[in-house]
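Listing of structure03.cif, mmCIF, C-alpha atoms
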data_data
loop_
_atom_site.label_atom_id
_atom_site.label_comp_id
_atom_site.auth_asym_id
_atom_site.auth_seq_id
_atom_site.Cartn_x
_atom_site.Cartn_y
_atom_site.Cartn_z
CA MET A 42 21.66 88.49 45.97
CA ASN A 43 24.03 89.86 48.58
CA THR A 44 27.02 87.72 49.37
CA PRO A 45 28.82 87.76 52.73
CA SER A 46 31.67 89.76 51.22
CA SER A 47 29.33 92.42 49.82
CA VAL A 48 27.83 93.22 53.19
CA ALA A 49 31.00 93.02 55.28
CA PRO A 50 30.96 95.67 58.01
CA ALA A 51 33.61 98.35 58.43
CA THR A 52 34.96 96.58 61.47
CA SER A 53 35.41 92.89 62.11
CA ALA A 54 37.59 90.49 63.99
CA ALA A 55 40.40 91.59 61.70
CA GLY A 56 40.03 95.19 62.82
CA PRO A 57 38.72 98.39 61.22
CA ARG A 58 38.81 98.52 57.42
CA PRO A 59 41.60 100.83 56.13
CA GLY A 60 40.17 104.25 55.30
CA SER A 61 36.99 103.70 57.34
CA VAL A 62 38.10 105.99 60.20
CA ARG A 63 37.78 109.62 59.12
CA GLY A 64 36.51 112.99 60.35
CA TRP A 65 36.25 113.61 64.08
CA LYS A 66 36.76 109.91 64.85
CA ALA A 67 40.13 110.06 63.09
CA THR A 68 41.01 113.32 64.85
CA ILE A 69 40.29 111.79 68.25
CA ALA A 70 42.16 108.55 67.46
CA VAL A 71 45.24 110.49 66.37
CA ALA A 72 44.96 112.97 69.25
CA MET A 73 45.29 110.09 71.71
CA SER A 74 49.05 110.24 71.06
CA ASN A 75 48.96 113.28 73.31
CA TYR A 76 47.00 111.46 76.02
CA ILE A 77 49.51 108.65 76.30
CA GLU A 78 52.46 111.06 76.04
CA ALA A 79 51.24 113.27 78.87
CA GLY A 80 50.03 110.21 80.78
CA SER A 81 53.50 108.66 80.57
CA ILE A 82 55.11 111.81 81.92
CA ILE A 83 52.68 112.11 84.82
CA ALA A 84 52.79 108.40 85.62
CA LEU A 85 56.54 108.74 86.02
CA ALA A 86 56.24 112.04 87.90
CA THR A 87 53.89 110.56 90.51
CA SER A 88 56.07 107.49 90.96
CA LEU A 89 59.66 108.75 90.88
CA THR A 90 59.88 108.96 94.67
CA LEU A 91 58.48 105.42 94.98
CA TRP A 92 60.93 104.05 92.40
CA GLN A 93 63.74 105.93 94.17
CA GLU A 94 62.84 104.34 97.50
CA TYR A 95 62.37 100.89 95.94
CA PHE A 96 65.69 100.85 94.07
CA GLY A 97 67.60 103.18 96.43
CA PHE A 98 69.09 105.52 93.81
CA SER A 99 70.12 109.17 94.30
CA ASN A 100 68.59 112.48 93.11
CA TRP A 101 71.08 112.46 90.22
CA VAL A 102 69.66 109.15 89.03
CA VAL A 103 66.14 110.57 89.40
CA GLY A 104 67.19 113.38 87.08
CA LEU A 105 68.70 110.90 84.63
CA VAL A 106 65.52 108.78 84.48
CA ALA A 107 63.44 111.94 83.94
CA ALA A 108 65.83 113.11 81.22
CA LEU A 109 65.58 109.81 79.34
CA SER A 110 61.78 109.69 79.47
CA ALA A 111 58.92 110.80 77.22
CA ASN A 112 59.43 114.20 78.81
CA ALA A 113 62.86 114.73 77.27
CA PHE A 114 65.60 112.74 75.48
CA GLY A 115 63.47 109.67 74.70
CA ALA A 116 60.82 111.78 72.98
CA ALA A 117 63.51 113.88 71.28
CA ILE A 118 65.04 110.80 69.62
CA GLY A 119 61.62 109.53 68.56
CA ALA A 120 60.65 112.90 67.05
CA LEU A 121 63.80 113.07 64.95
CA ILE A 122 62.99 109.60 63.60
CA GLY A 123 59.23 109.90 63.22
CA GLY A 124 59.00 113.34 61.60
CA PRO A 125 61.12 112.62 58.49
CA LEU A 126 59.64 109.13 58.10
CA GLY A 127 56.16 110.63 58.24
CA ASP A 128 57.00 112.96 55.35
CA ARG A 129 58.69 110.28 53.27
CA TYR A 130 56.36 107.30 53.75
CA GLY A 131 53.15 108.90 54.96
CA ARG A 132 51.52 109.94 58.21
CA LYS A 133 49.80 106.59 58.63
CA PHE A 134 53.12 104.74 58.35
CA ILE A 135 54.09 106.02 61.80
CA TYR A 136 50.79 104.87 63.33
CA THR A 137 51.39 101.32 62.20
CA TYR A 138 54.36 100.90 64.53
CA ASP A 139 54.69 103.62 67.18
CA LEU A 140 52.13 102.29 69.64
CA ILE A 141 53.49 98.74 69.42
CA LEU A 142 56.79 100.12 70.73
CA TYR A 143 54.91 102.14 73.34
CA MET A 144 53.02 99.10 74.61
CA LEU A 145 56.28 97.17 74.92
CA GLY A 146 57.82 99.98 76.96
CA THR A 147 54.89 100.27 79.35
CA LEU A 148 54.84 96.52 79.95
CA ILE A 149 58.53 96.57 80.88
CA VAL A 150 57.84 99.35 83.41
CA VAL A 151 54.84 97.49 84.83
CA PHE A 152 57.00 94.45 85.57
CA ALA A 153 60.25 96.30 86.41
CA VAL A 154 62.18 94.59 89.22
CA GLN A 155 65.55 96.30 88.68
CA PRO A 156 66.63 99.82 87.65
CA ALA A 157 67.69 98.72 84.14
CA MET A 158 64.14 97.55 83.36
CA LEU A 159 62.72 100.89 84.49
CA VAL A 160 65.20 102.83 82.36
CA ILE A 161 64.65 100.67 79.26
CA GLY A 162 60.87 100.90 79.58
CA VAL A 163 60.99 104.66 80.06
CA ILE A 164 63.24 105.11 77.01
CA LEU A 165 61.04 102.95 74.75
CA THR A 166 57.86 104.78 75.72
CA GLY A 167 59.66 108.08 75.18
CA ILE A 168 60.83 107.14 71.67
CA ALA A 169 57.34 105.93 70.77
CA VAL A 170 55.53 109.09 71.82
CA GLY A 171 58.27 111.23 70.29
CA ALA A 172 57.68 109.53 66.94
CA GLY A 173 53.90 109.77 67.19
CA VAL A 174 53.10 113.21 68.60
CA PRO A 175 54.64 115.48 65.89
CA VAL A 176 53.05 113.41 63.13
CA ALA A 177 49.74 113.51 65.04
CA TRP A 178 49.71 117.31 65.05
CA THR A 179 50.59 117.28 61.33
CA TYR A 180 47.86 114.78 60.40
CA ILE A 181 45.12 116.54 62.37
CA ALA A 182 45.91 119.94 60.84
CA GLU A 183 46.07 118.52 57.31
CA GLN A 184 42.71 116.74 57.62
CA ALA A 185 40.92 119.57 59.44
CA PRO A 186 38.53 121.99 57.67
CA HIS A 187 40.47 125.24 57.29
CA ALA A 188 37.76 127.28 59.02
CA ASN A 189 37.95 125.00 62.09
CA ARG A 190 41.64 124.07 62.10
CA ALA A 191 42.26 125.36 65.64
CA ARG A 192 39.22 123.44 66.86
CA HIS A 193 40.58 120.16 65.49
CA VAL A 194 44.19 120.79 66.52
CA GLY A 195 42.85 121.73 69.95
CA THR A 196 41.56 118.18 70.29
CA ALA A 197 45.17 117.03 70.62
CA GLN A 198 45.70 119.65 73.33
CA LEU A 199 42.51 118.45 75.01
CA ALA A 200 43.81 114.86 75.02
CA TRP A 201 47.17 116.09 76.31
CA SER A 202 45.33 117.77 79.20
CA LEU A 203 43.05 114.83 79.97
CA GLY A 204 46.05 112.52 80.34
CA PRO A 205 47.50 114.27 83.40
CA ALA A 206 44.06 115.00 84.90
CA ILE A 207 43.08 111.32 84.78
CA VAL A 208 46.51 109.93 85.69
CA PHE A 209 46.88 112.25 88.69
CA ALA A 210 43.38 111.30 89.88
CA LEU A 211 44.17 107.62 89.39
CA ALA A 212 47.52 107.96 91.16
CA THR A 213 45.81 109.73 94.08
CA ALA A 214 43.26 106.94 94.44
CA LEU A 215 46.03 104.32 94.33
CA VAL A 216 48.42 106.02 96.80
CA PRO A 217 47.63 103.42 99.54
CA LEU A 218 48.93 100.67 97.23
CA GLY A 219 52.37 102.25 96.93
CA LEU A 220 54.45 100.96 94.02
CA LEU A 221 51.72 98.50 93.03
CA GLY A 222 49.48 101.49 92.36
CA THR A 223 52.15 102.91 90.06
CA ARG A 224 52.31 99.66 88.12
CA ILE A 225 48.52 99.79 87.72
CA VAL A 226 48.76 103.34 86.33
CA PHE A 227 51.26 102.22 83.69
CA ALA A 228 49.09 99.18 82.94
CA HIS A 229 46.14 101.49 82.23
CA LEU A 230 48.31 103.35 79.70
CA PHE A 231 49.04 100.03 78.00
CA VAL A 232 45.30 99.35 77.68
CA ILE A 233 44.59 102.84 76.27
CA ALA A 234 47.46 102.45 73.79
CA PHE A 235 46.12 99.08 72.62
CA ILE A 236 42.60 100.41 72.04
CA THR A 237 43.99 103.43 70.20
CA TRP A 238 46.23 101.24 68.02
CA TRP A 239 43.26 99.02 67.15
CA VAL A 240 41.10 101.98 66.07
CA ARG A 241 43.95 103.57 64.12
CA ARG A 242 44.21 100.54 61.87
CA GLY A 243 41.26 101.99 59.98
CA LEU A 244 42.73 105.48 59.50
CA SER A 245 42.83 106.97 56.04
CA GLU A 246 46.07 108.59 54.88
CA SER A 247 46.33 112.39 54.92
CA ASP A 248 44.54 113.73 51.83
CA ILE A 249 47.11 116.50 51.27
CA TRP A 250 50.06 114.11 51.55
CA THR A 251 48.33 111.58 49.26
CA ALA A 252 47.67 114.23 46.60
CA GLN A 253 51.30 115.31 46.61
CA LYS A 254 52.48 111.71 46.44
CA LYS A 255 50.33 111.17 43.34
CA GLU A 256 51.91 114.25 41.74
CA ARG A 257 55.42 112.96 42.53
CA ASP A 258 54.61 109.50 41.21
CA ALA A 259 53.15 110.97 38.01
CA ALA A 260 56.24 113.12 37.51
CA THR A 261 58.47 110.09 38.00
CA GLU A 262 56.51 108.13 35.40
CA ARG A 263 57.05 111.01 32.94
CA GLY A 264 60.79 110.63 33.46
CA GLN A 265 61.22 113.74 35.59
CA THR A 266 63.65 113.82 38.50
CA VAL A 267 61.76 114.19 41.78
CA ARG A 268 63.76 115.39 44.75
CA HIS A 269 62.92 114.26 48.27
CA ARG A 270 62.63 117.42 50.35
CA GLY A 271 63.96 116.41 53.74
CA VAL A 272 65.91 117.84 56.64
CA ARG A 273 68.58 119.45 54.46
CA GLU A 274 66.14 121.61 52.51
CA LEU A 275 64.18 122.34 55.66
CA LEU A 276 67.32 123.74 57.30
CA THR A 277 68.71 125.63 54.29
CA ASP A 278 65.64 127.62 53.18
CA ARG A 279 65.60 130.99 54.94
CA ARG A 280 61.78 130.94 55.14
CA ASN A 281 61.96 127.65 57.01
CA LEU A 282 64.78 128.87 59.24
CA SER A 283 62.84 131.97 60.31
CA ALA A 284 59.81 129.81 61.15
CA LEU A 285 61.99 127.31 63.05
CA LEU A 286 63.56 130.08 65.13
CA PHE A 287 60.17 131.67 65.85
CA LEU A 288 58.58 128.39 66.93
CA THR A 289 61.60 127.42 69.00
CA GLY A 290 61.20 130.67 70.89
CA VAL A 291 57.49 130.11 71.36
CA TYR A 292 57.51 126.43 72.29
CA ALA A 293 60.96 125.33 73.43
CA LEU A 294 61.29 128.08 76.05
CA TRP A 295 57.75 127.51 77.35
CA ASN A 296 58.35 123.77 77.34
CA LEU A 297 61.42 124.20 79.55
CA VAL A 298 58.95 125.30 82.23
CA ALA A 299 56.15 122.86 81.39
CA GLY A 300 58.61 119.98 81.12
CA GLN A 301 59.92 120.49 84.63
CA MET A 302 56.38 120.94 85.95
CA GLY A 303 55.21 117.76 84.27
CA ILE A 304 57.83 115.56 85.87
CA PHE A 305 58.84 117.43 89.04
CA MET A 306 55.82 119.47 90.15
CA PRO A 307 55.03 117.16 93.10
CA ARG A 308 58.57 117.88 94.36
CA VAL A 309 58.00 121.63 93.88
CA TYR A 310 54.85 121.39 96.00
CA GLU A 311 56.78 119.42 98.61
CA THR A 312 59.51 122.06 98.69
CA ALA A 313 56.78 124.71 99.07
CA GLY A 314 55.45 122.89 102.16
CA VAL A 315 52.79 120.47 100.80
CA GLU A 316 54.08 117.16 102.15
CA SER A 317 51.03 114.96 101.51
CA ALA A 318 51.33 113.06 98.22
CA ALA A 319 47.53 113.00 97.96
CA HIS A 320 47.34 116.81 98.32
CA GLN A 321 50.11 117.25 95.74
CA ASN A 322 48.25 115.08 93.28
CA LEU A 323 44.93 116.82 93.95
CA LEU A 324 46.52 120.18 93.16
CA GLN A 325 47.65 118.70 89.87
CA VAL A 326 44.20 117.28 89.19
CA LEU A 327 42.81 120.81 89.64
CA LEU A 328 45.52 122.27 87.40
CA TRP A 329 44.93 119.84 84.55
CA THR A 330 41.15 120.02 84.88
CA MET A 331 41.43 123.78 84.35
CA THR A 332 43.61 123.06 81.31
CA VAL A 333 40.92 120.79 79.87
CA ILE A 334 38.25 123.45 80.39
CA ALA A 335 40.40 126.27 79.00
CA THR A 336 41.43 124.21 75.98
CA TYR A 337 37.82 123.65 75.00
CA LEU A 338 36.26 127.00 75.95
CA GLY A 339 39.35 129.02 75.00
CA PHE A 340 41.47 127.55 72.25
CA MET A 341 38.97 125.25 70.51
CA LEU A 342 36.04 127.67 70.50
CA LEU A 343 37.96 130.94 70.02
CA GLY A 344 41.12 129.98 68.09
CA ASP A 345 39.35 130.20 64.72
CA ARG A 346 37.35 133.31 65.61
CA MET A 347 39.35 135.85 67.61
CA ASP A 348 42.74 137.46 67.07
CA ARG A 349 45.27 134.71 67.78
CA ARG A 350 47.98 137.13 68.88
CA LEU A 351 45.68 138.41 71.63
CA LEU A 352 44.60 134.92 72.69
CA TYR A 353 48.20 133.74 72.83
CA GLY A 354 49.22 136.80 74.86
CA ILE A 355 46.47 136.20 77.42
CA GLY A 356 47.54 132.59 77.90
CA ALA A 357 51.23 133.45 78.20
CA GLY A 358 50.50 136.28 80.64
CA LEU A 359 48.50 134.00 82.94
CA GLY A 360 51.43 131.56 83.06
CA ILE A 361 53.79 134.33 84.16
CA ALA A 362 51.28 135.45 86.81
CA ALA A 363 51.07 131.90 88.17
CA TRP A 364 54.83 131.55 88.66
CA THR A 365 55.07 135.07 90.08
CA ILE A 366 52.71 133.97 92.88
CA LEU A 367 54.79 130.87 93.54
CA VAL A 368 58.08 132.79 93.69
CA PHE A 369 57.30 136.18 95.22
CA THR A 370 54.64 135.46 97.84
CA HIS A 371 54.47 133.55 101.09
CA VAL A 372 52.93 130.37 99.73
CA THR A 373 49.76 129.14 101.40
CA MET A 374 47.27 126.53 100.24
CA PRO A 375 44.84 129.16 98.82
CA LEU A 376 47.70 130.65 96.80
CA LEU A 377 48.74 127.21 95.56
CA ILE A 378 45.16 126.65 94.42
CA LEU A 379 45.28 130.03 92.61
CA PHE A 380 48.60 129.00 91.04
CA ALA A 381 47.05 125.75 89.79
CA VAL A 382 44.05 127.58 88.31
CA LEU A 383 46.15 130.26 86.58
CA TRP A 384 48.67 127.85 85.11
CA GLY A 385 45.93 125.43 84.11
CA VAL A 386 44.08 128.09 82.12
CA SER A 387 47.36 129.35 80.68
CA ALA A 388 48.33 125.88 79.44
CA GLY A 389 44.94 125.46 77.78
CA ILE A 390 45.28 128.53 75.54
CA GLY A 391 49.06 128.86 75.60
CA ALA A 392 52.21 127.98 73.75
CA GLN A 393 51.77 124.27 73.07
CA ALA A 394 48.35 124.58 71.43
CA PHE A 395 49.52 127.48 69.25
CA TYR A 396 52.78 125.72 68.48
CA ALA A 397 50.92 122.67 67.15
CA LEU A 398 48.73 124.93 65.02
CA TRP A 399 51.42 127.30 63.73
CA THR A 400 53.93 124.56 62.92
CA ALA A 401 51.39 122.83 60.68
CA GLU A 402 50.57 126.14 59.01
CA MET A 403 54.05 127.60 58.52
CA PHE A 404 55.73 124.69 56.69
CA ALA A 405 55.06 123.15 53.29
CA THR A 406 53.56 119.66 53.05
CA PRO A 407 56.78 117.86 51.90
CA TYR A 408 58.53 118.69 55.17
CA ARG A 409 55.72 119.59 57.54
CA ALA A 410 56.17 116.51 59.76
CA THR A 411 59.97 116.82 59.55
CA ALA A 412 59.71 120.37 60.89
CA GLN A 413 57.51 119.12 63.72
CA GLY A 414 60.07 116.43 64.50
CA VAL A 415 63.04 118.81 64.47
CA LEU A 416 61.28 121.34 66.70
CA PHE A 417 60.07 118.64 69.09
CA PHE A 418 63.61 117.24 69.19
CA VAL A 419 65.11 120.62 70.11
CA ALA A 420 62.46 121.29 72.76
CA ARG A 421 62.83 117.90 74.44
CA ILE A 422 66.63 117.99 74.36
CA LEU A 423 66.54 121.31 76.21
CA VAL A 424 64.10 119.86 78.74
CA GLY A 425 66.33 116.82 79.17
CA VAL A 426 69.39 118.90 79.92
CA LEU A 427 67.52 120.97 82.50
CA SER A 428 65.80 117.87 83.95
CA TYR A 429 69.16 116.36 84.78
CA PHE A 430 70.01 119.32 87.04
CA PHE A 431 66.55 120.41 88.19
CA PRO A 432 66.06 118.04 91.19
CA VAL A 433 69.43 119.06 92.63
CA MET A 434 68.79 122.78 91.97
CA LEU A 435 65.38 122.52 93.63
CA ALA A 436 66.76 120.69 96.67
CA SER A 437 69.74 123.03 97.13
CA GLN A 438 68.30 126.44 96.11
CA GLY A 439 64.57 126.10 96.60
CA VAL A 440 61.52 127.31 94.68
CA PRO A 441 62.47 131.04 94.44
CA ALA A 442 65.69 130.36 92.53
CA VAL A 443 64.27 127.87 90.03
CA GLY A 444 61.02 129.84 89.80
CA THR A 445 62.82 133.02 88.74
CA LEU A 446 64.46 131.06 85.94
CA MET A 447 61.05 129.71 84.89
CA ILE A 448 59.60 133.25 84.76
CA ALA A 449 62.45 134.42 82.54
CA PHE A 450 61.75 131.63 80.03
CA LEU A 451 58.03 132.46 80.03
CA VAL A 452 58.54 136.19 79.48
CA ILE A 453 60.80 135.62 76.47
CA SER A 454 58.32 133.10 75.02
CA LEU A 455 55.48 135.60 75.44
CA LEU A 456 57.37 138.37 73.64
CA ILE A 457 58.41 136.17 70.73
CA GLY A 458 54.89 134.80 70.25
CA VAL A 459 53.10 138.13 70.42
CA ILE A 460 55.56 139.90 68.11
CA GLY A 461 55.91 137.12 65.53
CA ALA A 462 52.42 135.53 65.43
CA PRO A 463 51.53 134.72 61.79
CA ASN A 464 48.28 135.90 60.20
CA THR A 465 46.95 132.52 59.08
CA ARG A 466 43.47 132.34 60.57
CA GLY A 467 40.80 131.25 58.09
CA LYS A 468 43.23 130.31 55.31
CA THR A 469 43.73 126.88 53.81
CA LEU A 470 47.12 125.21 54.19
CA GLU A 471 47.60 125.56 50.42
CA GLU A 472 46.91 129.32 50.58
CA ILE A 473 49.35 129.74 53.47
CA GLU A 474 51.96 127.75 51.56
CA ARG A 475 51.61 130.01 48.51
CA ASP A 476 51.77 133.12 50.71
CA ARG A 477 54.95 131.95 52.42
CA TYR A 478 56.77 130.29 49.53
CA GLY A 479 55.35 132.07 46.50
CA ALA A 480 54.10 128.81 45.02
CA SER A 481 53.11 125.27 45.96
CA ILE A 482 56.21 123.32 47.00
#
Could you quickly redo this structure as structure tokens?
Amino acid sequence: MNTPSSVAPATSAAGPRPGSVRGWKATIAVAMSNYIEAGSIIALATSLTLWQEYFGFSNWVVGLVAALSANAFGAAIGALIGGPLGDRYGRKFIYTYDLILYMLGTLIVVFAVQPAMLVIGVILTGIAVGAGVPVAWTYIAEQAPHANRARHVGTAQLAWSLGPAIVFALATALVPLGLLGTRIVFAHLFVIAFITWWVRRGLSESDIWTAQKKERDAATERGQTVRHRGVRELLTDRRNLSALLFLTGVYALWNLVAGQMGIFMPRVYETAGVESAAHQNLLQVLLWTMTVIATYLGFMLLGDRMDRRLLYGIGAGLGIAAWTILVFTHVTMPLLILFAVLWGVSAGIGAQAFYALWTAEMFATPYRATAQGVLFFVARILVGVLSYFFPVMLASQGVPAVGTLMIAFLVISLLIGVIGAPNTRGKTLEEIERDRYGASI
């Protein structure tokens, strides 16, 4: 006869049973790190002017808040913490705590009544997403079927694109409410984070990481000395260093552009003559909707089937074309719409999606998440430095000056990615590891 315990469902009032969330459900749950990261950036981007008016601080303070956010220094600190911890204690370890910190940060922003509360909330959300996103990319790639790795990793890019599309649409609808509308946007991120945290309680640990942990434990029981392969080995192995330099060129330079767009694009539109906040937000809704479409139809459907060097080059080239229009033409609304379409498609099949894929492929399992954390740290630190000066540069020198700098970053990123793209399509992570290191690490 069945007892109540023998027929207990996978989910209950206590939450999902550990290990019950696998496959595409696990991929989507982990990919939501990207939704809340991008959503945090856009929520702040659409509200910076309102916070500035409410608290009365200068453009320099605007730059400081942006630099400390999930867009830059906050995420950088979190990545440097989360990556190594994810390698040492497991991918799931990070998911037990990161969203709790995120929810705390968003609540502080929702109820902020003085600048210090805004800054603290922004920093906490930044640290939380910085800890979660690199480990999310690692987990998804490790659990994905090797023949469809780009399709699964692209889910994170899809979530990253949906965040801005939805948040910009929500912010546009709530413009009449002013700062209250901004608080509602951050409150919605809290709700999404809570639901995601609840589902993630049932995640299984990464199979690849678990297998290696069993090997290490067995070796320890036999009396062998087992070294922890952390940041030091990551940074002293020439094969790792070459991959780090390549991926920094691909992602960090592109992210210097995307980072400023994520937080300051409404101000760029304003400088270009679009004064209506609703019109600015609608342009961004169009841009991110195109990113969603391109991520699915481009990266997810083609990334495992066509030459990745070619696909990357197309995406990077479209990004350069978009900024060329913004800098070297007399900007009109039709041209701004074309800019949004070109950049949106570029972002869907461009540097970030390939970076998430290549980073998981080019590093061995013992320091795969650490590598993600280090690279994310470098990229966000660079964005933070530029974010501190960007509002002043934009106000004093205009779109042509900052746009030319953006184009230079994009051109270098394109060249590095096309020249150095690894031939990893269709291979398992274990096969790639043996190809790169000569043996399993």
Find, counting all atoms listed in the file, the residue in A:Thr465, A:Gln93, A:Gln301, A:Ser245 that gets nearest to Val424 (chain A). A:Gln301
Pull out every residue that the PyMOL selection byres ((chain A and resi 115-122) around 9) matches in the shown coordinates and put them as a ChimeraX atom specification. /A:78,108-114,123-127,163-176,411,413-422,425
Hits from the PyMOL selection byres ((chain A and resi 144) around 8), listed as a ChimeraX atom specification: /A:140-143,145-148,166,231,234-235
Using only C-alpha atoms, please write the residues we just selected to a file, as a PDB file, in the frame of the given file.
ATOM      1  CA  LEU A 140      52.130 102.290  69.640  1.00  0.00           C
ATOM      2  CA  ILE A 141      53.490  98.740  69.420  1.00  0.00           C
ATOM      3  CA  LEU A 142      56.790 100.120  70.730  1.00  0.00           C
ATOM      4  CA  TYR A 143      54.910 102.140  73.340  1.00  0.00           C
ATOM      5  CA  LEU A 145      56.280  97.170  74.920  1.00  0.00           C
ATOM      6  CA  GLY A 146      57.820  99.980  76.960  1.00  0.00           C
ATOM      7  CA  THR A 147      54.890 100.270  79.350  1.00  0.00           C
ATOM      8  CA  LEU A 148      54.840  96.520  79.950  1.00  0.00           C
ATOM      9  CA  THR A 166      57.860 104.780  75.720  1.00  0.00           C
ATOM     10  CA  PHE A 231      49.040 100.030  78.000  1.00  0.00           C
ATOM     11  CA  ALA A 234      47.460 102.450  73.790  1.00  0.00           C
ATOM     12  CA  PHE A 235      46.120  99.080  72.620  1.00  0.00           C
TER      13      PHE A 235
END
Hey, what comes out of the PyMOL selection byres ((chain A and resi 358) around 12) on this file? Could you write it as a ChimeraX atom specification? /A:295,351-357,359-365,383-384,386-388,390-392,448,451-456,458-459
Box dimensions and centre (Å, one decimal) enclosing region 187-206 of chain A, axis-aligned, 3 Å extra per side, as lines of an AutoDock Vina configuration file:
center_x = 42.6
center_y = 119.9
center_z = 71.1
size_x = 15.7
size_y = 20.8
size_z = 33.6
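Rounded to one decimal, CA of Ala182 (chain A) and CA of Ala401 (chain A) lie 6.2 Å from each other.
Among A:Ala188, A:Leu328, A:Val440, A:Val272, the residue with the shortest atom-to-atom distance to Glu311 (chain A), counting all atoms listed in the file, is A:Val440.
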Will you model N, CA, C and O atoms for region 450-461 of chain A and pass it back as an mmCIF file, in the coordinates of the input?
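Done, and the output landed in selection.cif:
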data_model
loop_
_atom_site.group_PDB
_atom_site.id
_atom_site.type_symbol
_atom_site.label_atom_id
_atom_site.label_comp_id
_atom_site.auth_asym_id
_atom_site.auth_seq_id
_atom_site.Cartn_x
_atom_site.Cartn_y
_atom_site.Cartn_z
ATOM 1 N N PHE A 450 62.088 132.383 81.250
ATOM 2 C CA PHE A 450 61.750 131.630 80.030
ATOM 3 C C PHE A 450 60.359 132.021 79.516
ATOM 4 O O PHE A 450 60.159 132.201 78.312
ATOM 5 N N LEU A 451 59.402 132.160 80.425
ATOM 6 C CA LEU A 451 58.030 132.460 80.030
ATOM 7 C C LEU A 451 57.895 133.856 79.435
ATOM 8 O O LEU A 451 57.140 134.069 78.476
ATOM 9 N N VAL A 452 58.607 134.817 79.992
ATOM 10 C CA VAL A 452 58.540 136.190 79.480
ATOM 11 C C VAL A 452 59.086 136.260 78.057
ATOM 12 O O VAL A 452 58.488 136.886 77.168
ATOM 13 N N ILE A 453 60.216 135.603 77.822
ATOM 14 C CA ILE A 453 60.800 135.620 76.470
ATOM 15 C C ILE A 453 59.859 134.932 75.487
ATOM 16 O O ILE A 453 59.653 135.410 74.360
ATOM 17 N N SER A 454 59.260 133.811 75.892
ATOM 18 C CA SER A 454 58.320 133.100 75.020
ATOM 19 C C SER A 454 57.120 133.975 74.692
ATOM 20 O O SER A 454 56.644 133.992 73.546
ATOM 21 N N LEU A 455 56.612 134.701 75.672
ATOM 22 C CA LEU A 455 55.480 135.600 75.440
ATOM 23 C C LEU A 455 55.831 136.660 74.394
ATOM 24 O O LEU A 455 55.067 136.893 73.440
ATOM 25 N N LEU A 456 56.984 137.305 74.555
ATOM 26 C CA LEU A 456 57.370 138.370 73.640
ATOM 27 C C LEU A 456 57.541 137.856 72.215
ATOM 28 O O LEU A 456 57.077 138.480 71.252
ATOM 29 N N ILE A 457 58.193 136.723 72.068
ATOM 30 C CA ILE A 457 58.410 136.170 70.730
ATOM 31 C C ILE A 457 57.085 135.818 70.066
ATOM 32 O O ILE A 457 56.857 136.118 68.882
ATOM 33 N N GLY A 458 56.172 135.197 70.814
ATOM 34 C CA GLY A 458 54.890 134.800 70.250
ATOM 35 C C GLY A 458 54.016 135.964 69.858
ATOM 36 O O GLY A 458 53.393 135.964 68.787
ATOM 37 N N VAL A 459 53.945 136.970 70.700
ATOM 38 C CA VAL A 459 53.100 138.130 70.420
ATOM 39 C C VAL A 459 53.650 138.938 69.240
ATOM 40 O O VAL A 459 52.903 139.392 68.369
ATOM 41 N N ILE A 460 54.957 139.104 69.188
ATOM 42 C CA ILE A 460 55.560 139.900 68.110
ATOM 43 C C ILE A 460 55.506 139.158 66.776
ATOM 44 O O ILE A 460 55.228 139.752 65.728
ATOM 45 N N GLY A 461 55.755 137.859 66.786
ATOM 46 C CA GLY A 461 55.910 137.120 65.530
ATOM 47 C C GLY A 461 54.725 136.299 65.084
ATOM 48 O O GLY A 461 54.820 135.588 64.079
#
